[in-house]
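Beneath this line is the structure, given in structure tokens, with notes to follow.
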Amino acid sequence: MKTKISLVLAFTCILGHAADPATKAPDTGLTGEITPKLIAFDYFDGVGANRTSFLERYDVRRGWSGDTRSGLLMDLDLNLVYQSVKKQSFVVNRWGEGQYRHGGRAVWNNERAEFTADYNFIRTTSSGLDYLFGPDQVPGGTDPSYFFPASTNSASGYAAQFNDDSHRTVFHSNRLTYGLGFKILPGVLGANTTVAVNYAGYLRYGHRRMTYALGGSDVVKAPIAPTSSFVLERWRGINQPIDENMNRLTWNVSAAPQQAFVVAYTGSWEGFDNRARTFTHADIPLVAPYSYNATADRTRPLGFIPDSTLLSHAVRVSKQIGRTNVAAGYANSKLEQDTFTAPQIRLGYTTGQAATESAYFNFDTTVNSAVALQGFVRTGHRENNSSYPVTGLIDGGVGKSQTLGVRLNRLESTTYGLAAAVRPKGLLSTITLGWKSEQKNRDLTYHATEIIPLVSLYRSDTDTHEVYAKLSALNFRGVTLRLNSSYAWAEKTGLVTEPSRAVGLKAAASYAAPNGLLLNAYYHVKDQENDHNSLTDKAVATPATYTQDISSTVQSGGLSLNMQPAKDANAYVSLDWMRMDASVLFFESNRRRFETTTTFALRDLVGSLVDHYLFAVGADYKAGKDLKFNVAYNLTSADGNLASGSVAAALGPIDDTLDSVLHSVVIGTAWDLSKTQQLRVGYRLDKYEDSAYPQLSGGVHSIAVSMSIKL
């Protein structure tokens with residue numbers, strides 16, 4: 001593709017938004033800034049317009065000519081404030097980067113009430129990256145060896161072929177968010193009373209690529225050899241329309257009756273409406289000699305997303321009693337499914353509901369000038385009120401085959417803790433020692449004979465404890481030090497993601513020099529492991545038990561320097577690093593856990609090690625009274641492997657390896673032509689390089705120019 005750079009007129013991430021004029025508004029009249037701009041862009045060294053560029057996922061652009069790879073476009077930023085003699089103000093802000101990225105906000109205030117309205121619009125490339133990693137796009141995405149020459153593998157042989165029924169390679173999703181707000185300001189209903197009502201909603205529409213696998217008996221073939229090749233028709237993808245609408249209404253009331261205490265209440269109603277067509281198995285385009293099994297259920301949905309309603313309430317009461325602050329609160333919510341599939345209705349699944357309740361109590365008391373105590377108690381309750389059992393759909397009874405994995409009926413939790421903060425006299429530091437504990441109880445329903453507790457890693461109870469120590473120290477010479485260490489252990493874990501042991505450390509230091517130099521450094525580490533949960537062979541003479549062992553260590557560190565090398569210049573440089581190191585035991589089973597007999601075997605220890613780096617450097621310089629320059633460079637890097645051993649060998653480099661670098665360069669200038677006019681020019685370059693998957697590599701660059709006119 002030919003590379004070209006077009007003259008552009010302003011680009012928000014290069015030139016930035018105009019300063020909020022509200023801080024400079026006179027008593028009356030209209031003030032602010034109007035900024036017309038022209039934007040030019042060019043995607044280079046990447047895929048063509050019939051595919052989605054990696055950098056294009058959240059930065060979709062379209063020029064005047066309709067070209068999405070190179071083009072020109074215009075837009076307008078507004079920052080306006082109108083102030084009346086009656087102490088009424090009206091603020092309007094609007095920003096834009098073309099037809100696919102823009103937003104605005106308006107605020108009216110008369111010191112007694114305030115009205116707000118806002119919107120934002122963005123287009124993303126829905127399923128764009130997924131498509132590049134799609135099974136029909138990536139080497140190894142399909143494997144013909146799964147359908148071996150004997151042509152008898154109907155269980156997993158579908159991995160040998162993918163059938164793309166979407167017939168398109170570019171998928172877009174548009175999201176429009178909008179809101180309205182009203183607030184009665186303090187003083188109207190009382191010095192400490194406020195009332196607010198807010199509405200927020202969004203529309204999301206477009207298309208996405210959805211993949212699915214049919215059941216082993218859903219596809220049949222006419223008696224033409226090889227008759228077992230029907231399995232190659234099971235793995236498919238379709239073009240799924242997106243048409244969603246969400247509306248949320250929130251109301252808040254807070255007051256302090258006679259200054260005795262403070263009470264606040266928040267309620268909300270949220271409704272989600274999925275208006276897109278739901279495809280069913282009857283829509284699958286099988287072509288002769290293949291057809292859909294006449295005995296299978298054609299009404300089963302593909303990618304069904306139900307409508308839902310969420311109603312929530314929360315109240316909080318707080319009071320100061322001498323040197324002690326206390327607060328208590330209660331909240332509940334109910335999430336309900338409003339629409340159901342044809343099989344759900346036919347079989348009797350007509351209620352989908354989850355109800356939650358929570359309560360808490362906190363206190364913070366100052367014993368004396370050197371000691372303070374804090375404590376808290378929190379409780380939670382979640383109830384699954386959905387239809388159960390439903391014969392033929394979700395049922396754990398004897399003879400009800402493959403209709404239940406594990407059902408969570410109820411979850412109850414209690415968390416409590418105490419802490420003491422000590423401030424030694426004369427040391428300008430605070431030492432905090434604390435302890436907290438958490439208990440959870442899950443009411444689980446297993447299948448009577450298939451997925452029973454022996455072959456599941458879920459457990460009913462969690463019982464964890466943690467002790468921690470914090471140090472915050474300030475040195476007179478400009479040095480500040482913060483340390484936070486913790487140790488946690490568990491007597492029981494209900495999930496393998498809950499650590500049975502965890503050690504954490506957070507350290508941060510900063511130095512502020514008299515000449516304005518500011519130096520910051522930090523290091524964090526969290527090491528955790530779970531070896532409490534296990535699997536046991538089912539229905540064998542001498543069952544063996546296998547303990548799952550999951551461990552992970554996450555480290556991060558960074559260093560930043562801000563300085564003023566000259567009177568009219570500022571500079572900064574920073575380096576951040578994060579490492580994720582994890583391992584898990586990889587077990588295999590001789591049959592699915594639904595079967596009568598299941599045995600396990602340890603296959604391998606699978607590890608993952610990934611490093612992320614972010615380097616940033618930049619400076620700005622004021623050359624005289626009217627001219628400013630700025631320059632910045634960012635480098636983002638990911639390097640490592642997502643698996644090891646037998647799993648890595650099966651995945652291949654694209655799925656296993658991370659080896660990418662993103663370079664970003666920004667150069668800008670602002671020239672004050674007069675007291676009311678400022679010309680801004682900027683250039684930005686983003687270049688992405690992926691050595692593991694070169695097809696994702698590419699770049700985009702822009703030149704931006706804008707004219708800001710002050711009123």
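How things are named: the first chain in the structure tokens is A, the next is B, and so on; residues count from 1 in each chain; ligands count from 1 in the order shown.
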Review point. Hey, what's within 7 Å of segment 687-699 of chain A if we count only C-alpha atoms and toss same-chain stuff fewer than 5 positions away? As a ChimeraX atom specification, please?
Key: /A:43-46,53-54,653-654,657-664
Practice item. Name all residues at most 9 Å from segment 588-595 of chain A (count only C-alpha atoms; drop same-chain ones fewer than 3 positions away) and give them as a PyMOL selection string. Key: chain A and resi 401-402+405+449-452+455-456+538+598-603
Point to revise | Sel. of strand (DSSP E or B) residues, segment 589-684 of chain A, as a PyMOL selection string | key: chain A and resi 589+598+600-622+627-641+657-672+677-684
Check your understanding: Which parts of segment 206-444 of chain A does DSSP call helix (DSSP H, G or I) when run on the backbone here, written out as a PyMOL selection string?
Key -> chain A and resi 227-233+257-259+281-283+342-347
Check your understanding: Within 10 Å of Asp164 of chain A, counting only C-alpha atoms, which residues qualify if same-chain residues fewer than 5 places away don't, as a ChimeraX atom specification?
Key -> /A:134-136,209-211,235-239
Could you list, with a cut-off of 6 Å and counting only C-alpha atoms, the residues of segment 495-605 of chain A near segment 482-487 of chain A, each shown with its nearest atom pair and the distance in Å rounded to one decimal, rows sorted by chain and ascending number, as CSV?
residue,atom,partner,partner_atom,distance
A:Ala502,CA,A:Tyr487,CA,5.8
A:Val503,CA,A:Tyr487,CA,4.7
A:Gly504,CA,A:Ser486,CA,5.1
A:Leu505,CA,A:Ser485,CA,4.4
A:Lys506,CA,A:Asn484,CA,4.9
A:Ala507,CA,A:Leu483,CA,4.5
A:Ala508,CA,A:Arg482,CA,5.1
Output file for the residues above (N, CA, C and O atoms, as an mmCIF file, in the first residue's frame):
data_model
loop_
_atom_site.group_PDB
_atom_site.id
_atom_site.type_symbol
_atom_site.label_atom_id
_atom_site.label_comp_id
_atom_site.auth_asym_id
_atom_site.auth_seq_id
_atom_site.Cartn_x
_atom_site.Cartn_y
_atom_site.Cartn_z
ATOM 1 N N ALA A 502 -1.042 -16.589 50.425
ATOM 2 C CA ALA A 502 -0.691 -15.423 49.609
ATOM 3 C C ALA A 502 0.188 -14.487 50.416
ATOM 4 O O ALA A 502 -0.064 -14.247 51.600
ATOM 5 N N VAL A 503 1.217 -13.970 49.760
ATOM 6 C CA VAL A 503 2.128 -13.002 50.360
ATOM 7 C C VAL A 503 2.189 -11.794 49.440
ATOM 8 O O VAL A 503 2.330 -11.942 48.219
ATOM 9 N N GLY A 504 2.054 -10.603 50.006
ATOM 10 C CA GLY A 504 2.083 -9.399 49.189
ATOM 11 C C GLY A 504 2.948 -8.317 49.788
ATOM 12 O O GLY A 504 3.097 -8.218 51.013
ATOM 13 N N LEU A 505 3.535 -7.524 48.908
ATOM 14 C CA LEU A 505 4.352 -6.390 49.334
ATOM 15 C C LEU A 505 4.190 -5.267 48.327
ATOM 16 O O LEU A 505 4.286 -5.483 47.117
ATOM 17 N N LYS A 506 3.936 -4.060 48.836
ATOM 18 C CA LYS A 506 3.889 -2.856 48.019
ATOM 19 C C LYS A 506 4.811 -1.821 48.652
ATOM 20 O O LYS A 506 4.682 -1.533 49.845
ATOM 21 N N ALA A 507 5.716 -1.302 47.859
ATOM 22 C CA ALA A 507 6.658 -0.299 48.343
ATOM 23 C C ALA A 507 6.690 0.860 47.353
ATOM 24 O O ALA A 507 6.721 0.652 46.133
ATOM 25 N N ALA A 508 6.665 2.082 47.867
ATOM 26 C CA ALA A 508 6.723 3.273 47.022
ATOM 27 C C ALA A 508 7.524 4.345 47.734
ATOM 28 O O ALA A 508 7.439 4.502 48.956
#
Practice item. Within 10 Å of Val219 of chain A, counting only C-alpha atoms, which residues show up once you throw out same-chain ones fewer than 4 positions away? Write them as a VMD selection string, please. Key: chain A and resid 214 to 215 229 to 234 286 290 to 294 296
Go ahead and write the selection's residues with N, CA and C atoms as a PDB file, in the first residue's frame.
ATOM      1  N   LEU A 214     -22.074 -27.436  16.557  1.00  0.00           N
ATOM      2  CA  LEU A 214     -23.291 -28.220  16.686  1.00  0.00           C
ATOM      3  C   LEU A 214     -23.020 -29.503  17.457  1.00  0.00           C
ATOM      4  N   GLY A 215     -24.091 -30.073  18.004  1.00  0.00           N
ATOM      5  CA  GLY A 215     -23.963 -31.343  18.701  1.00  0.00           C
ATOM      6  C   GLY A 215     -23.628 -32.476  17.751  1.00  0.00           C
ATOM      7  N   SER A 229     -18.444 -38.069   7.378  1.00  0.00           N
ATOM      8  CA  SER A 229     -17.899 -36.732   7.131  1.00  0.00           C
ATOM      9  C   SER A 229     -18.851 -35.629   7.571  1.00  0.00           C
ATOM     10  N   PHE A 230     -20.053 -36.002   8.056  1.00  0.00           N
ATOM     11  CA  PHE A 230     -20.972 -34.986   8.576  1.00  0.00           C
ATOM     12  C   PHE A 230     -20.338 -34.187   9.706  1.00  0.00           C
ATOM     13  N   VAL A 231     -19.360 -34.797  10.391  1.00  0.00           N
ATOM     14  CA  VAL A 231     -18.739 -34.118  11.525  1.00  0.00           C
ATOM     15  C   VAL A 231     -18.037 -32.831  11.093  1.00  0.00           C
ATOM     16  N   LEU A 232     -17.611 -32.766   9.829  1.00  0.00           N
ATOM     17  CA  LEU A 232     -16.907 -31.578   9.333  1.00  0.00           C
ATOM     18  C   LEU A 232     -17.843 -30.379   9.175  1.00  0.00           C
ATOM     19  N   GLU A 233     -19.139 -30.578   9.298  1.00  0.00           N
ATOM     20  CA  GLU A 233     -20.117 -29.491   9.168  1.00  0.00           C
ATOM     21  C   GLU A 233     -20.522 -28.900  10.522  1.00  0.00           C
ATOM     22  N   ARG A 234     -19.950 -29.394  11.612  1.00  0.00           N
ATOM     23  CA  ARG A 234     -20.425 -28.986  12.941  1.00  0.00           C
ATOM     24  C   ARG A 234     -19.892 -27.621  13.377  1.00  0.00           C
ATOM     25  N   LEU A 286     -27.145 -25.654   5.912  1.00  0.00           N
ATOM     26  CA  LEU A 286     -26.520 -26.903   5.485  1.00  0.00           C
ATOM     27  C   LEU A 286     -26.907 -27.193   4.036  1.00  0.00           C
ATOM     28  N   TYR A 290     -25.689 -32.833   3.094  1.00  0.00           N
ATOM     29  CA  TYR A 290     -25.841 -32.696   4.540  1.00  0.00           C
ATOM     30  C   TYR A 290     -27.172 -32.024   4.858  1.00  0.00           C
ATOM     31  N   SER A 291     -27.745 -32.392   5.992  1.00  0.00           N
ATOM     32  CA  SER A 291     -29.012 -31.797   6.416  1.00  0.00           C
ATOM     33  C   SER A 291     -29.108 -31.860   7.931  1.00  0.00           C
ATOM     34  N   TYR A 292     -30.077 -31.105   8.468  1.00  0.00           N
ATOM     35  CA  TYR A 292     -30.265 -31.092   9.917  1.00  0.00           C
ATOM     36  C   TYR A 292     -31.089 -32.309  10.316  1.00  0.00           C
ATOM     37  N   ASN A 293     -30.690 -32.936  11.401  1.00  0.00           N
ATOM     38  CA  ASN A 293     -31.356 -34.145  11.877  1.00  0.00           C
ATOM     39  C   ASN A 293     -32.822 -33.851  12.197  1.00  0.00           C
ATOM     40  N   ALA A 294     -33.722 -34.602  11.582  1.00  0.00           N
ATOM     41  CA  ALA A 294     -35.148 -34.361  11.762  1.00  0.00           C
ATOM     42  C   ALA A 294     -35.600 -34.598  13.192  1.00  0.00           C
ATOM     43  N   ALA A 296     -33.781 -33.789  15.884  1.00  0.00           N
ATOM     44  CA  ALA A 296     -33.177 -32.790  16.780  1.00  0.00           C
ATOM     45  C   ALA A 296     -34.089 -31.566  16.881  1.00  0.00           C
TER      46      ALA A 296
END
Review point. Using only C-alpha atoms, which of the listed residues (A:Ala191, A:Tyr178, A:Arg410, A:Thr596) sits closest to Val540 of chain A?
Key: A:Thr596
Revision key, fill the gap. Shortest contact to Leu132 of chain A, candidates A:Thr177, A:Arg51, A:Met707, A:Ser156, atoms counted only C-alpha atoms, goes to A:Arg51
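When only C-alpha atoms are used to measure the gap to Thr414 of chain A, the shortest distance among A:Ala541, A:Val377, A:Ala616, A:Leu535 belongs to A:Val377.
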